[in-house]
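The next block is start_34.cif, given as mmCIF, N, CA and C atoms.
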data_run
loop_
_atom_site.label_atom_id
_atom_site.label_comp_id
_atom_site.auth_asym_id
_atom_site.auth_seq_id
_atom_site.Cartn_x
_atom_site.Cartn_y
_atom_site.Cartn_z
N ALA X 1 6.83 -2.65 -0.95
CA ALA X 1 6.80 -3.99 -0.41
C ALA X 1 5.44 -4.21 0.23
N MET X 2 4.93 -5.42 0.11
CA MET X 2 3.62 -5.71 0.67
C MET X 2 3.62 -7.14 1.19
N TYR X 3 2.88 -7.39 2.27
CA TYR X 3 2.74 -8.72 2.84
C TYR X 3 1.30 -8.88 3.31
N ALA X 4 0.69 -10.02 3.02
CA ALA X 4 -0.66 -10.32 3.49
C ALA X 4 -0.72 -11.77 3.92
N ALA X 5 -1.47 -12.06 5.00
CA ALA X 5 -1.58 -13.43 5.50
C ALA X 5 -2.95 -13.64 6.10
N PRO X 6 -3.62 -14.78 5.76
CA PRO X 6 -4.91 -15.08 6.38
C PRO X 6 -4.71 -15.58 7.81
N VAL X 7 -5.55 -15.09 8.73
CA VAL X 7 -5.50 -15.51 10.12
C VAL X 7 -6.94 -15.72 10.59
N VAL X 8 -7.38 -16.97 10.71
CA VAL X 8 -8.71 -17.34 11.21
C VAL X 8 -9.80 -16.46 10.61
N GLN X 9 -10.11 -16.64 9.36
CA GLN X 9 -11.17 -15.95 8.61
C GLN X 9 -10.93 -14.45 8.43
N VAL X 10 -9.78 -13.97 8.83
CA VAL X 10 -9.43 -12.57 8.64
C VAL X 10 -8.08 -12.53 7.93
N THR X 11 -7.94 -11.66 6.95
CA THR X 11 -6.66 -11.49 6.28
C THR X 11 -6.07 -10.14 6.69
N ASN X 12 -4.85 -10.18 7.17
CA ASN X 12 -4.15 -8.96 7.58
C ASN X 12 -3.07 -8.65 6.57
N GLY X 13 -2.76 -7.38 6.42
CA GLY X 13 -1.72 -7.00 5.48
C GLY X 13 -0.93 -5.80 5.96
N VAL X 14 0.28 -5.70 5.46
CA VAL X 14 1.17 -4.57 5.74
C VAL X 14 1.78 -4.15 4.41
N ASN X 15 1.86 -2.84 4.16
CA ASN X 15 2.54 -2.39 2.95
C ASN X 15 3.34 -1.13 3.23
N VAL X 16 4.42 -0.98 2.50
CA VAL X 16 5.27 0.20 2.59
C VAL X 16 5.54 0.67 1.17
N LEU X 17 5.21 1.92 0.90
CA LEU X 17 5.46 2.53 -0.42
C LEU X 17 6.32 3.77 -0.21
N ARG X 18 7.41 3.86 -0.96
CA ARG X 18 8.28 5.03 -0.86
C ARG X 18 8.61 5.49 -2.28
N LEU X 19 8.32 6.74 -2.55
CA LEU X 19 8.62 7.35 -3.84
C LEU X 19 9.63 8.44 -3.60
N THR X 20 10.82 8.30 -4.16
CA THR X 20 11.85 9.30 -3.99
C THR X 20 12.10 10.03 -5.30
N TYR X 21 12.44 11.29 -5.21
CA TYR X 21 12.66 12.11 -6.39
C TYR X 21 14.14 12.35 -6.64
N GLY X 22 15.00 11.72 -5.85
CA GLY X 22 16.44 11.86 -6.03
C GLY X 22 16.95 13.22 -5.63
N SER X 23 18.19 13.46 -5.93
CA SER X 23 18.85 14.72 -5.60
C SER X 23 18.46 15.78 -6.63
N GLN X 24 18.08 16.97 -6.15
CA GLN X 24 17.67 18.06 -7.02
C GLN X 24 18.47 19.31 -6.68
N GLU X 25 18.68 20.17 -7.66
CA GLU X 25 19.42 21.41 -7.44
C GLU X 25 18.58 22.41 -6.65
N GLN X 26 19.20 23.04 -5.67
CA GLN X 26 18.53 24.09 -4.90
C GLN X 26 19.06 25.43 -5.39
N ARG X 27 18.15 26.38 -5.62
CA ARG X 27 18.54 27.68 -6.16
C ARG X 27 17.85 28.81 -5.40
N THR X 28 18.44 29.97 -5.46
CA THR X 28 17.85 31.17 -4.86
C THR X 28 16.82 31.75 -5.83
N ALA X 29 16.14 32.81 -5.41
CA ALA X 29 15.14 33.45 -6.26
C ALA X 29 15.75 34.01 -7.54
N ASP X 30 17.03 34.39 -7.51
CA ASP X 30 17.67 34.90 -8.72
C ASP X 30 18.43 33.80 -9.48
N ARG X 31 18.08 32.53 -9.24
CA ARG X 31 18.53 31.35 -9.96
C ARG X 31 19.98 30.94 -9.69
N GLN X 32 20.58 31.43 -8.59
CA GLN X 32 21.93 31.04 -8.23
C GLN X 32 21.88 29.69 -7.50
N LYS X 33 22.72 28.76 -7.92
CA LYS X 33 22.75 27.43 -7.31
C LYS X 33 23.34 27.52 -5.90
N THR X 34 22.64 26.92 -4.93
CA THR X 34 23.10 26.96 -3.53
C THR X 34 23.36 25.56 -2.97
N GLY X 35 23.13 24.53 -3.75
CA GLY X 35 23.36 23.17 -3.28
C GLY X 35 22.32 22.22 -3.85
N THR X 36 22.09 21.15 -3.13
CA THR X 36 21.09 20.16 -3.54
C THR X 36 20.18 19.82 -2.37
N PHE X 37 19.06 19.17 -2.68
CA PHE X 37 18.14 18.71 -1.64
C PHE X 37 17.50 17.41 -2.10
N GLU X 38 16.94 16.69 -1.16
CA GLU X 38 16.24 15.42 -1.41
C GLU X 38 14.75 15.61 -1.11
N SER X 39 13.93 14.79 -1.73
CA SER X 39 12.49 14.80 -1.43
C SER X 39 11.93 13.40 -1.65
N TYR X 40 10.86 13.08 -0.89
CA TYR X 40 10.23 11.77 -1.01
C TYR X 40 8.82 11.78 -0.44
N ASP X 41 8.04 10.78 -0.82
CA ASP X 41 6.72 10.50 -0.25
C ASP X 41 6.80 9.10 0.35
N LEU X 42 6.18 8.89 1.52
CA LEU X 42 6.20 7.60 2.19
C LEU X 42 4.81 7.27 2.71
N SER X 43 4.39 6.03 2.50
CA SER X 43 3.11 5.54 3.02
C SER X 43 3.34 4.17 3.65
N VAL X 44 2.90 4.00 4.89
CA VAL X 44 2.96 2.71 5.59
C VAL X 44 1.52 2.35 5.93
N GLY X 45 1.07 1.18 5.47
CA GLY X 45 -0.33 0.80 5.67
C GLY X 45 -0.49 -0.51 6.41
N LEU X 46 -1.51 -0.56 7.25
CA LEU X 46 -1.94 -1.77 7.93
C LEU X 46 -3.36 -2.05 7.49
N SER X 47 -3.63 -3.28 7.02
CA SER X 47 -4.95 -3.57 6.48
C SER X 47 -5.53 -4.84 7.07
N VAL X 48 -6.85 -4.93 6.98
CA VAL X 48 -7.58 -6.11 7.43
C VAL X 48 -8.76 -6.33 6.48
N ALA X 49 -9.05 -7.59 6.18
CA ALA X 49 -10.17 -7.93 5.30
C ALA X 49 -10.87 -9.16 5.85
N ARG X 50 -12.18 -9.24 5.60
CA ARG X 50 -12.94 -10.38 6.11
C ARG X 50 -14.13 -10.67 5.20
N ASN X 51 -14.50 -11.93 5.13
CA ASN X 51 -15.65 -12.38 4.38
C ASN X 51 -16.80 -12.63 5.36
N PHE X 52 -17.86 -11.86 5.24
CA PHE X 52 -19.07 -12.04 6.05
C PHE X 52 -20.14 -12.70 5.19
N ASN X 53 -20.11 -14.03 5.07
CA ASN X 53 -21.10 -14.77 4.30
C ASN X 53 -21.29 -14.23 2.88
N GLY X 54 -20.20 -14.03 2.16
CA GLY X 54 -20.26 -13.57 0.78
C GLY X 54 -20.11 -12.07 0.61
N LEU X 55 -20.12 -11.31 1.69
CA LEU X 55 -19.85 -9.87 1.63
C LEU X 55 -18.41 -9.66 2.09
N PHE X 56 -17.56 -9.35 1.14
CA PHE X 56 -16.14 -9.16 1.43
C PHE X 56 -15.91 -7.70 1.82
N THR X 57 -15.30 -7.48 2.97
CA THR X 57 -15.05 -6.13 3.45
C THR X 57 -13.56 -5.96 3.75
N GLY X 58 -13.09 -4.74 3.65
CA GLY X 58 -11.69 -4.47 3.94
C GLY X 58 -11.48 -3.03 4.35
N ALA X 59 -10.40 -2.82 5.11
CA ALA X 59 -10.05 -1.48 5.56
C ALA X 59 -8.53 -1.39 5.67
N GLN X 60 -8.03 -0.20 5.45
CA GLN X 60 -6.59 0.04 5.59
C GLN X 60 -6.37 1.38 6.27
N LEU X 61 -5.48 1.40 7.25
CA LEU X 61 -5.03 2.64 7.87
C LEU X 61 -3.66 2.96 7.31
N LYS X 62 -3.50 4.16 6.75
CA LYS X 62 -2.23 4.57 6.14
C LYS X 62 -1.62 5.72 6.94
N LEU X 63 -0.36 5.57 7.30
CA LEU X 63 0.40 6.65 7.89
C LEU X 63 1.23 7.26 6.76
N LEU X 64 1.19 8.58 6.61
CA LEU X 64 1.77 9.25 5.45
C LEU X 64 2.80 10.29 5.86
N ARG X 65 3.82 10.44 5.04
CA ARG X 65 4.83 11.47 5.26
C ARG X 65 5.33 11.96 3.90
N GLN X 66 5.42 13.27 3.76
CA GLN X 66 6.01 13.90 2.58
C GLN X 66 7.15 14.78 3.05
N GLU X 67 8.26 14.73 2.36
CA GLU X 67 9.38 15.59 2.71
C GLU X 67 9.91 16.26 1.45
N LEU X 68 10.20 17.56 1.57
CA LEU X 68 10.72 18.34 0.46
C LEU X 68 11.69 19.37 1.01
N ALA X 69 12.95 19.22 0.68
CA ALA X 69 14.00 20.18 1.05
C ALA X 69 14.02 20.48 2.55
N GLY X 70 13.87 19.46 3.37
CA GLY X 70 13.93 19.65 4.82
C GLY X 70 12.60 20.01 5.47
N TYR X 71 11.56 20.28 4.70
CA TYR X 71 10.23 20.55 5.23
C TYR X 71 9.41 19.27 5.09
N SER X 72 8.48 19.06 6.02
CA SER X 72 7.71 17.81 5.93
C SER X 72 6.25 18.02 6.32
N ALA X 73 5.43 17.08 5.88
CA ALA X 73 4.02 16.99 6.25
C ALA X 73 3.76 15.55 6.65
N GLN X 74 2.98 15.36 7.71
CA GLN X 74 2.64 14.02 8.18
C GLN X 74 1.14 13.94 8.40
N GLY X 75 0.60 12.75 8.24
CA GLY X 75 -0.83 12.56 8.45
C GLY X 75 -1.20 11.11 8.33
N TYR X 76 -2.49 10.88 8.27
CA TYR X 76 -3.01 9.52 8.12
C TYR X 76 -4.28 9.57 7.30
N ALA X 77 -4.65 8.41 6.78
CA ALA X 77 -5.88 8.28 6.00
C ALA X 77 -6.38 6.84 6.12
N VAL X 78 -7.65 6.65 5.80
CA VAL X 78 -8.28 5.34 5.86
C VAL X 78 -8.88 5.03 4.49
N ASP X 79 -8.71 3.79 4.04
CA ASP X 79 -9.36 3.28 2.84
C ASP X 79 -10.36 2.21 3.27
N LEU X 80 -11.55 2.21 2.68
CA LEU X 80 -12.59 1.22 2.99
C LEU X 80 -13.11 0.62 1.70
N GLY X 81 -13.48 -0.66 1.73
CA GLY X 81 -14.02 -1.29 0.54
C GLY X 81 -14.92 -2.45 0.88
N LEU X 82 -15.83 -2.76 -0.06
CA LEU X 82 -16.67 -3.94 0.08
C LEU X 82 -17.01 -4.48 -1.29
N GLN X 83 -17.27 -5.78 -1.33
CA GLN X 83 -17.63 -6.45 -2.58
C GLN X 83 -18.55 -7.60 -2.23
N GLY X 84 -19.56 -7.83 -3.05
CA GLY X 84 -20.48 -8.93 -2.80
C GLY X 84 -21.20 -9.36 -4.06
N ALA X 85 -21.93 -10.45 -3.93
CA ALA X 85 -22.72 -10.97 -5.04
C ALA X 85 -24.14 -10.45 -4.91
N GLY X 86 -24.76 -10.20 -6.07
CA GLY X 86 -26.13 -9.73 -6.08
C GLY X 86 -27.11 -10.87 -6.05
N PRO X 87 -28.40 -10.56 -6.12
CA PRO X 87 -29.44 -11.58 -6.06
C PRO X 87 -29.54 -12.44 -7.32
N ILE X 88 -28.95 -11.99 -8.42
CA ILE X 88 -28.98 -12.72 -9.68
C ILE X 88 -27.59 -13.30 -9.92
N ASP X 89 -27.52 -14.55 -10.43
CA ASP X 89 -26.23 -15.17 -10.72
C ASP X 89 -25.37 -14.27 -11.60
N ARG X 90 -24.09 -14.29 -11.34
CA ARG X 90 -23.08 -13.53 -12.08
C ARG X 90 -23.27 -12.02 -11.97
N MET X 91 -23.97 -11.57 -10.97
CA MET X 91 -24.10 -10.13 -10.72
C MET X 91 -23.29 -9.81 -9.47
N TYR X 92 -22.37 -8.88 -9.60
CA TYR X 92 -21.50 -8.50 -8.49
C TYR X 92 -21.56 -6.99 -8.29
N TYR X 93 -21.27 -6.55 -7.09
CA TYR X 93 -21.20 -5.13 -6.83
C TYR X 93 -20.02 -4.87 -5.89
N GLY X 94 -19.55 -3.66 -5.91
CA GLY X 94 -18.45 -3.27 -5.04
C GLY X 94 -18.41 -1.77 -4.87
N ALA X 95 -17.80 -1.34 -3.80
CA ALA X 95 -17.65 0.09 -3.53
C ALA X 95 -16.37 0.30 -2.73
N SER X 96 -15.75 1.43 -2.94
CA SER X 96 -14.56 1.76 -2.15
C SER X 96 -14.47 3.27 -1.96
N VAL X 97 -13.85 3.63 -0.87
CA VAL X 97 -13.56 5.03 -0.56
C VAL X 97 -12.10 5.06 -0.13
N LYS X 98 -11.33 5.94 -0.75
CA LYS X 98 -9.91 6.03 -0.44
C LYS X 98 -9.55 7.43 0.07
N ASN X 99 -8.64 7.46 1.00
CA ASN X 99 -8.07 8.70 1.54
C ASN X 99 -9.02 9.50 2.43
N LEU X 100 -9.83 8.80 3.23
CA LEU X 100 -10.63 9.48 4.24
C LEU X 100 -9.69 9.91 5.36
N GLY X 101 -9.73 11.15 5.74
CA GLY X 101 -8.88 11.59 6.83
C GLY X 101 -8.80 13.10 6.94
N PRO X 102 -8.10 13.55 7.96
CA PRO X 102 -7.96 15.00 8.17
C PRO X 102 -6.97 15.62 7.19
N GLN X 103 -6.92 16.93 7.19
CA GLN X 103 -5.98 17.66 6.34
C GLN X 103 -4.54 17.39 6.80
N MET X 104 -3.63 17.47 5.84
CA MET X 104 -2.20 17.48 6.14
C MET X 104 -1.74 18.93 6.01
N LYS X 105 -0.68 19.29 6.73
CA LYS X 105 -0.18 20.66 6.66
C LYS X 105 1.29 20.63 6.26
N PHE X 106 1.60 21.34 5.18
CA PHE X 106 2.96 21.45 4.68
C PHE X 106 3.37 22.91 4.82
N ILE X 107 4.33 23.20 5.67
CA ILE X 107 4.75 24.55 6.05
C ILE X 107 3.52 25.29 6.58
N ASP X 108 2.95 26.25 5.83
CA ASP X 108 1.77 26.99 6.29
C ASP X 108 0.51 26.64 5.53
N GLU X 109 0.59 25.68 4.62
CA GLU X 109 -0.56 25.37 3.77
C GLU X 109 -1.15 24.01 4.12
N ALA X 110 -2.44 23.99 4.48
CA ALA X 110 -3.14 22.74 4.78
C ALA X 110 -3.85 22.26 3.52
N PHE X 111 -3.93 20.95 3.35
CA PHE X 111 -4.58 20.39 2.17
C PHE X 111 -5.16 19.01 2.50
N HIS X 112 -6.23 18.66 1.78
CA HIS X 112 -6.82 17.33 1.90
C HIS X 112 -6.19 16.41 0.86
N LEU X 113 -6.07 15.15 1.19
CA LEU X 113 -5.67 14.16 0.20
C LEU X 113 -6.81 14.00 -0.79
N PRO X 114 -6.52 13.59 -2.02
CA PRO X 114 -7.61 13.42 -3.00
C PRO X 114 -8.53 12.28 -2.59
N LEU X 115 -9.79 12.59 -2.32
CA LEU X 115 -10.79 11.61 -1.92
C LEU X 115 -11.32 10.90 -3.16
N THR X 116 -11.26 9.58 -3.15
CA THR X 116 -11.71 8.79 -4.30
C THR X 116 -12.82 7.85 -3.86
N CYS X 117 -13.95 7.90 -4.55
CA CYS X 117 -15.08 7.00 -4.28
C CYS X 117 -15.42 6.25 -5.58
N VAL X 118 -15.54 4.95 -5.49
CA VAL X 118 -15.82 4.13 -6.68
C VAL X 118 -16.94 3.15 -6.34
N THR X 119 -17.89 3.00 -7.26
CA THR X 119 -18.93 1.99 -7.16
C THR X 119 -18.95 1.21 -8.45
N VAL X 120 -18.99 -0.11 -8.37
CA VAL X 120 -18.93 -0.95 -9.57
C VAL X 120 -20.03 -2.01 -9.50
N ARG X 121 -20.71 -2.22 -10.61
CA ARG X 121 -21.66 -3.33 -10.75
C ARG X 121 -21.31 -4.09 -12.01
N ARG X 122 -21.43 -5.39 -11.94
CA ARG X 122 -21.11 -6.17 -13.12
C ARG X 122 -22.11 -7.29 -13.26
#

Before we go any further, please render this structure as structure tokens.
Amino acid sequence: AMYAAPVVQVTNGVNVLRLTYGSQEQRTADRQKTGTFESYDLSVGLSVARNFNGLFTGAQLKLLRQELAGYSAQGYAVDLGLQGAGPIDRMYYGASVKNLGPQMKFIDEAFHLPLTCVTVRR
């Protein structure tokens, strides 16, 4: 679900993404069934965007949670982006960075979210 609304030259947004994997069989190391478990990924984001005289900028703060068989990892990340027109007509540029943030820790293993950087010219 996502919602965005302009407020005095600033656009604010909220989004919630939940990916569930349904009920799965739980087994021991020797493959004996011991029951079932649930797992899911959840992201809640707050965003803001603004136009600075033709330079469009935006940012989003994401709160993240992953759960697997009763174990969980929590964290946060920031997405940043900008887009603008170049000095020549019909020339545009943009850049974004996604998943800036600290490591998340799941049980005893720490990991970084996949950092994505994109630059586009047209």

Since I can't run it myself right now, could you work out what the PyMOL selection byres ((chain X and resi 92-94) around 8) selects here and report it as a list in words?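 Selected by the PyMOL selection byres ((chain X and resi 92-94) around 8) in this file: Gly81, Leu82, Gln83, Gly84, Ala85, Gly86, Pro87, Ile88, Asp89, Arg90, Met91, Ala95, Ser96, Val118, Thr119, Val120, Arg121 and Arg122 of chain X.
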
Which protein, DNA or RNA residues have an atom at most 7 Å from (-5.2, 9.4, 2.6), counting only N, CA and C atoms? List them as a list in words. Lys62, Tyr76, Ala77, Val78, Asp79, Lys98, Asn99, Leu100, Gly101, Leu113 and Pro114 of chain X

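With atom N of Asn12 (chain X) on one side and atom N of Val48 (chain X) on the other, the separation reads 5.6 Å.
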
Every residue of region 67-108 of chain X that DSSP places in strand (DSSP E), as JSON, numbers by chain: {"X": [67, 68, 71, 72, 73, 74, 75, 76, 77, 78, 79, 80, 81, 82, 83, 84, 85, 92, 93, 94, 95, 96, 97, 98, 99, 100, 104, 105, 106]}

Evaluate the PyMOL selection byres (((chain X and resi 38 and name CA) around 12) and name CA) against this structure - the residues, as a list in words, please.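 Selected by the PyMOL selection byres (((chain X and resi 38 and name CA) around 12) and name CA) in this file: Leu19, Thr20, Tyr21, Gly22, Ser23, Gln24, Glu25, Gln26, Gly35, Thr36, Phe37, Ser39, Tyr40, Asp41, Gln66, Glu67, Leu68, Ala69, Gly70, Tyr71 and Ser72 of chain X.
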
I need the residue nearest Gln103 (chain X) from this list: X:Gly75, X:Asp30, X:Cys117, X:Arg18. Use only N, CA and C atoms for the distance. X:Gly75

Up to 7 Å from (1.6, 12.4, 4.9) in the file's coordinates: name the residues, counting only N, CA and C atoms, as a PyMOL selection string. chain X and resi 42+63-66+73-76+104

Two-atom distance - CA of Phe111 (chain X), atom C of Val97 (chain X) (Å): 17.2 Å

Judged by only N, CA and C atoms, the minimum distance to Val10 (chain X) among X:Ala29, X:Arg50, X:Val44, X:Ala59 is found for X:Arg50

Interatomic distance, atom N of Phe56 (chain X) to atom N of Gln9 (chain X) (Å, one decimal):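 Taking atom N of Phe56 (chain X) and atom N of Gln9 (chain X), their separation equals 13.3 Å.
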
Find the residue from X:Pro102, X:Asp108, X:Thr11, X:Thr34 that sits nearest to Gln60 (chain X); use only C-alpha atoms when measuring.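 Using only C-alpha atoms, the shortest distance to Gln60 (chain X) belongs to X:Thr11.
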
Using the incomplete input, complete region 59-78 of chain X to the level of N, CA, C and O atoms; output as a short mmCIF file (atom, residue, chain, number, x, y, z; two decimals), keeping the file's coordinate frame.
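result-v4.cif, written as the output of this step:
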data_model
loop_
_atom_site.label_atom_id
_atom_site.label_comp_id
_atom_site.auth_asym_id
_atom_site.auth_seq_id
_atom_site.Cartn_x
_atom_site.Cartn_y
_atom_site.Cartn_z
N ALA X 59 -10.40 -2.82 5.11
CA ALA X 59 -10.05 -1.48 5.56
C ALA X 59 -8.53 -1.39 5.67
O ALA X 59 -7.86 -2.39 5.94
N GLN X 60 -8.03 -0.20 5.45
CA GLN X 60 -6.59 0.04 5.59
C GLN X 60 -6.37 1.38 6.27
O GLN X 60 -7.00 2.38 5.92
N LEU X 61 -5.48 1.40 7.25
CA LEU X 61 -5.03 2.64 7.87
C LEU X 61 -3.66 2.96 7.31
O LEU X 61 -2.75 2.11 7.36
N LYS X 62 -3.50 4.16 6.75
CA LYS X 62 -2.23 4.57 6.14
C LYS X 62 -1.62 5.72 6.94
O LYS X 62 -2.30 6.70 7.23
N LEU X 63 -0.36 5.57 7.30
CA LEU X 63 0.40 6.65 7.89
C LEU X 63 1.23 7.26 6.76
O LEU X 63 1.90 6.54 6.02
N LEU X 64 1.19 8.58 6.61
CA LEU X 64 1.77 9.25 5.45
C LEU X 64 2.80 10.29 5.86
O LEU X 64 2.65 10.95 6.90
N ARG X 65 3.82 10.44 5.04
CA ARG X 65 4.83 11.47 5.26
C ARG X 65 5.33 11.96 3.90
O ARG X 65 5.60 11.17 3.01
N GLN X 66 5.42 13.27 3.76
CA GLN X 66 6.01 13.90 2.58
C GLN X 66 7.15 14.78 3.05
O GLN X 66 7.00 15.49 4.05
N GLU X 67 8.26 14.73 2.36
CA GLU X 67 9.38 15.59 2.71
C GLU X 67 9.91 16.26 1.45
O GLU X 67 10.07 15.61 0.42
N LEU X 68 10.20 17.56 1.57
CA LEU X 68 10.72 18.34 0.46
C LEU X 68 11.69 19.37 1.01
O LEU X 68 11.30 20.26 1.77
N ALA X 69 12.95 19.22 0.68
CA ALA X 69 14.00 20.18 1.05
C ALA X 69 14.02 20.48 2.55
O ALA X 69 14.13 21.63 2.97
N GLY X 70 13.87 19.46 3.37
CA GLY X 70 13.93 19.65 4.82
C GLY X 70 12.60 20.01 5.47
O GLY X 70 12.50 20.06 6.70
N TYR X 71 11.56 20.28 4.70
CA TYR X 71 10.23 20.55 5.23
C TYR X 71 9.41 19.27 5.09
O TYR X 71 9.60 18.50 4.15
N SER X 72 8.48 19.06 6.02
CA SER X 72 7.71 17.81 5.93
C SER X 72 6.25 18.02 6.32
O SER X 72 5.89 18.98 6.99
N ALA X 73 5.43 17.08 5.88
CA ALA X 73 4.02 16.99 6.25
C ALA X 73 3.76 15.55 6.65
O ALA X 73 4.29 14.63 6.03
N GLN X 74 2.98 15.36 7.71
CA GLN X 74 2.64 14.02 8.18
C GLN X 74 1.14 13.94 8.40
O GLN X 74 0.50 14.94 8.72
N GLY X 75 0.60 12.75 8.24
CA GLY X 75 -0.83 12.56 8.45
C GLY X 75 -1.20 11.11 8.33
O GLY X 75 -0.34 10.22 8.29
N TYR X 76 -2.49 10.88 8.27
CA TYR X 76 -3.01 9.52 8.12
C TYR X 76 -4.28 9.57 7.30
O TYR X 76 -4.92 10.61 7.15
N ALA X 77 -4.65 8.41 6.78
CA ALA X 77 -5.88 8.28 6.00
C ALA X 77 -6.38 6.84 6.12
O ALA X 77 -5.62 5.94 6.46
N VAL X 78 -7.65 6.65 5.80
CA VAL X 78 -8.28 5.34 5.86
C VAL X 78 -8.88 5.03 4.49
O VAL X 78 -9.47 5.90 3.86
#
